[in-house]
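So the structure is just underneath, and the comments pick up after that.
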Amino acid sequence: MKRRKCMQQLGCMAQKYPNKKYNMNMRKILCTILLIMAYSVTYAQVISKQEIEEYAHLGNMSWTGKAEELSHQDSLNNNGEMVLSVIKEYKGQSKSELYKKIFNWILSISSSDKSALLVSDETLGQIQARCYIPDIAKRSTGDNSYIVSIRPLLKFDFKEEKTRFTFILQSFDVLNKSEEAGYVMMFGGGFGFTATGVSKDNQVWQLKDCYPFAEKRKHPKVTSSRAFVNSVSIYNILVDRINEVLQKPLPVENESW
């Protein structure tokens, strides 16, 4: 519906302003929008809970056990960041081709206002973006429930036939929901149950303060473990998604009208 409305608005603008030069510019804008939409349909897939669990390879291990295992290979740097990186070659593809594919893909997945394109320089061959990925881990303990989201920094460096992808994560965005209820004294000496209320608290958990990285952790052990394991899974999912994007041909803009 949104796409149809957008197309209708562009058509109305072309009729309102019949100037030939204006219409040529509008056609170019329309073509660019259609190219981005094509990438959006192809690549902007939601990372599902099932997919995250499959990439976690938990097996018979506990969340804390898996987190402990991963921490030996995916440790934090001096800034308290988890930095994961991979370099891949794509024979026959220019630096410009690789850049444009990733640039279009970043636009297609940045549907949330919590995502942001920070750097895009085709000449230097660099892209940096904050990518908001919600609800990567959930857990309830007693009256408290935790919903964890992440906003990793995605960095791309491009050379001829080669791309480096870097995933940087420093903290978890946590929504803590707490159910509050109580009893009150009633007439005749009995007790009555009060209405239940839910309080919400947005928190930021630094990885360095979470299990398995902190000796004296500040946050729930299992929730932290689940969030960490799933973050590594998301990195591996993104590596595969990016590889799919870069193996597909770049859509060609039709200049003949």
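Residues in the structure tokens are numbered from 1 in each chain, the chains being A, B, ... in the order shown, and ligands are numbered from 1 in the order shown.
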
Give me, as a tab-separated table, each residue of range 47-118 of chain A that comes within 9 Å of range 235-238 of chain A, together with its shortest interatomic pair and the distance in Å at one decimal, counting only C-alpha atoms, with rows ordered by chain and rising residue number.
residue	atom	partner	partner_atom	distance
A:Ile47	CA	A:Ile237	CA	8.1
A:Glu51	CA	A:Ile237	CA	8.2
A:Ile52	CA	A:Ile237	CA	7.8
A:Tyr55	CA	A:Ile237	CA	7.3
A:Leu84	CA	A:Tyr235	CA	7.7

7 Å contact set for Lys162 in chain A, only C-alpha atoms, chain neighbours under 6 positions out, as a list in words: Lys88, Glu89 and Tyr90 of chain A

Test item, helix (DSSP H, G or I) assignment across range 50-194 of chain A, answer as a ChimeraX atom specification: /A:50-56,63-71,95-109

Take the residues from that selection and put them in a file with N, CA, C and O atoms, as a tab-separated table (two decimals), in the first residue's frame.
chain	number	residue	atom	x	y	z
A	50	GLN	N	13.80	-18.59	15.42
A	50	GLN	CA	14.22	-19.94	15.03
A	50	GLN	C	15.59	-19.92	14.38
A	50	GLN	O	16.44	-20.79	14.64
A	51	GLU	N	15.83	-18.94	13.53
A	51	GLU	CA	17.12	-18.84	12.84
A	51	GLU	C	18.25	-18.57	13.82
A	51	GLU	O	19.33	-19.16	13.73
A	52	ILE	N	18.00	-17.70	14.79
A	52	ILE	CA	19.01	-17.40	15.81
A	52	ILE	C	19.36	-18.66	16.59
A	52	ILE	O	20.53	-18.96	16.85
A	53	GLU	N	18.34	-19.43	16.97
A	53	GLU	CA	18.56	-20.65	17.74
A	53	GLU	C	19.34	-21.69	16.93
A	53	GLU	O	20.19	-22.40	17.48
A	54	GLU	N	19.05	-21.77	15.63
A	54	GLU	CA	19.77	-22.72	14.79
A	54	GLU	C	21.24	-22.36	14.68
A	54	GLU	O	22.12	-23.24	14.70
A	55	TYR	N	21.55	-21.08	14.59
A	55	TYR	CA	22.93	-20.64	14.49
A	55	TYR	C	23.67	-20.73	15.84
A	55	TYR	O	24.90	-20.75	15.87
A	56	ALA	N	22.91	-20.77	16.92
A	56	ALA	CA	23.54	-20.83	18.25
A	56	ALA	C	24.21	-22.18	18.50
A	56	ALA	O	25.18	-22.27	19.27
A	63	TRP	N	22.78	-22.25	28.54
A	63	TRP	CA	23.12	-20.94	28.01
A	63	TRP	C	24.42	-20.42	28.61
A	63	TRP	O	25.27	-19.85	27.91
A	64	THR	N	24.60	-20.63	29.91
A	64	THR	CA	25.82	-20.15	30.56
A	64	THR	C	27.04	-20.93	30.09
A	64	THR	O	28.12	-20.36	29.92
A	65	GLY	N	26.86	-22.23	29.86
A	65	GLY	CA	27.97	-23.03	29.36
A	65	GLY	C	28.39	-22.62	27.96
A	65	GLY	O	29.58	-22.52	27.66
A	66	LYS	N	27.40	-22.36	27.11
A	66	LYS	CA	27.71	-21.92	25.74
A	66	LYS	C	28.36	-20.55	25.75
A	66	LYS	O	29.31	-20.30	24.98
A	67	ALA	N	27.88	-19.66	26.61
A	67	ALA	CA	28.48	-18.33	26.71
A	67	ALA	C	29.93	-18.41	27.16
A	67	ALA	O	30.80	-17.71	26.64
A	68	GLU	N	30.19	-19.28	28.12
A	68	GLU	CA	31.56	-19.45	28.61
A	68	GLU	C	32.46	-19.97	27.50
A	68	GLU	O	33.59	-19.51	27.31
A	69	GLU	N	31.96	-20.91	26.72
A	69	GLU	CA	32.73	-21.47	25.61
A	69	GLU	C	33.05	-20.39	24.56
A	69	GLU	O	34.20	-20.26	24.11
A	70	LEU	N	32.05	-19.60	24.18
A	70	LEU	CA	32.26	-18.57	23.17
A	70	LEU	C	33.18	-17.45	23.64
A	70	LEU	O	33.89	-16.84	22.83
A	71	SER	N	33.16	-17.19	24.94
A	71	SER	CA	33.97	-16.08	25.47
A	71	SER	C	35.47	-16.31	25.29
A	71	SER	O	36.25	-15.36	25.28
A	95	LYS	N	35.57	-2.56	-6.68
A	95	LYS	CA	35.33	-1.88	-5.40
A	95	LYS	C	34.00	-1.14	-5.42
A	95	LYS	O	33.24	-1.18	-4.45
A	96	SER	N	33.70	-0.48	-6.54
A	96	SER	CA	32.46	0.28	-6.68
A	96	SER	C	31.24	-0.63	-6.65
A	96	SER	O	30.22	-0.31	-6.00
A	97	GLU	N	31.30	-1.77	-7.32
A	97	GLU	CA	30.19	-2.72	-7.33
A	97	GLU	C	29.89	-3.23	-5.93
A	97	GLU	O	28.73	-3.27	-5.49
A	98	LEU	N	30.93	-3.63	-5.22
A	98	LEU	CA	30.76	-4.15	-3.86
A	98	LEU	C	30.16	-3.09	-2.95
A	98	LEU	O	29.26	-3.37	-2.15
A	99	TYR	N	30.66	-1.87	-3.09
A	99	TYR	CA	30.16	-0.76	-2.28
A	99	TYR	C	28.67	-0.53	-2.52
A	99	TYR	O	27.88	-0.41	-1.57
A	100	LYS	N	28.26	-0.45	-3.79
A	100	LYS	CA	26.87	-0.15	-4.12
A	100	LYS	C	25.91	-1.23	-3.63
A	100	LYS	O	24.81	-0.94	-3.18
A	101	LYS	N	26.33	-2.48	-3.73
A	101	LYS	CA	25.47	-3.58	-3.25
A	101	LYS	C	25.21	-3.46	-1.75
A	101	LYS	O	24.07	-3.61	-1.29
A	102	ILE	N	26.27	-3.21	-0.98
A	102	ILE	CA	26.11	-3.10	0.46
A	102	ILE	C	25.36	-1.83	0.84
A	102	ILE	O	24.53	-1.82	1.75
A	103	PHE	N	25.62	-0.73	0.12
A	103	PHE	CA	24.92	0.52	0.39
A	103	PHE	C	23.41	0.33	0.22
A	103	PHE	O	22.61	0.73	1.08
A	104	ASN	N	22.99	-0.30	-0.87
A	104	ASN	CA	21.57	-0.55	-1.11
A	104	ASN	C	20.98	-1.49	-0.07
A	104	ASN	O	19.84	-1.32	0.38
A	105	TRP	N	21.76	-2.48	0.32
A	105	TRP	CA	21.29	-3.44	1.33
A	105	TRP	C	21.11	-2.75	2.68
A	105	TRP	O	20.10	-2.99	3.37
A	106	ILE	N	22.04	-1.90	3.06
A	106	ILE	CA	21.92	-1.15	4.33
A	106	ILE	C	20.66	-0.30	4.32
A	106	ILE	O	19.92	-0.24	5.31
A	107	LEU	N	20.37	0.36	3.22
A	107	LEU	CA	19.15	1.16	3.12
A	107	LEU	C	17.91	0.30	3.31
A	107	LEU	O	16.93	0.70	3.94
A	108	SER	N	17.94	-0.90	2.76
A	108	SER	CA	16.77	-1.77	2.80
A	108	SER	C	16.48	-2.31	4.19
A	108	SER	O	15.33	-2.62	4.51
A	109	ILE	N	17.50	-2.46	5.03
A	109	ILE	CA	17.29	-3.03	6.37
A	109	ILE	C	17.15	-1.96	7.43
A	109	ILE	O	16.87	-2.26	8.59

Of the listed residues A:Ala227, A:Ile133, A:Val252, A:Val148, that which approaches Asn176 in chain A most closely, counting only C-alpha atoms: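 Looking at the shortest contact to Asn176 in chain A, the residue is A:Val148.
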
Exercise: Asn77 in chain A partners within 12 Å, only C-alpha atoms, chain neighbours under 3 positions left out, as a PyMOL selection string: chain A and resi 71+73-74+80-84+168-170+207-208+213

DSSP-assigned strand (DSSP E or B) members of range 82-249 of chain A, reported as an NGL selection string: :A and (82-89 or 116-121 or 126-130 or 133-141 or 144-150 or 153-159 or 162-169 or 171-180 or 183-185 or 191-193 or 197-206)

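Counting from CA of Asp201 in chain A, the distance to CA of Ser224 in chain A is 16.7 Å.
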
Gap from CA of Ile150 in chain A to CA of Tyr132 in chain A - Å, one decimal: 6.0 Å

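Rounded to one decimal, CA of Ser112 in chain A and CA of Asp135 in chain A lie 13.5 Å from each other.
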
Nearest-residue call for Thr223 in chain A, choices A:Lys159, A:Lys177, A:Arg164, A:Arg139, using only C-alpha atoms: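 Nearest to Thr223 in chain A: A:Arg139.
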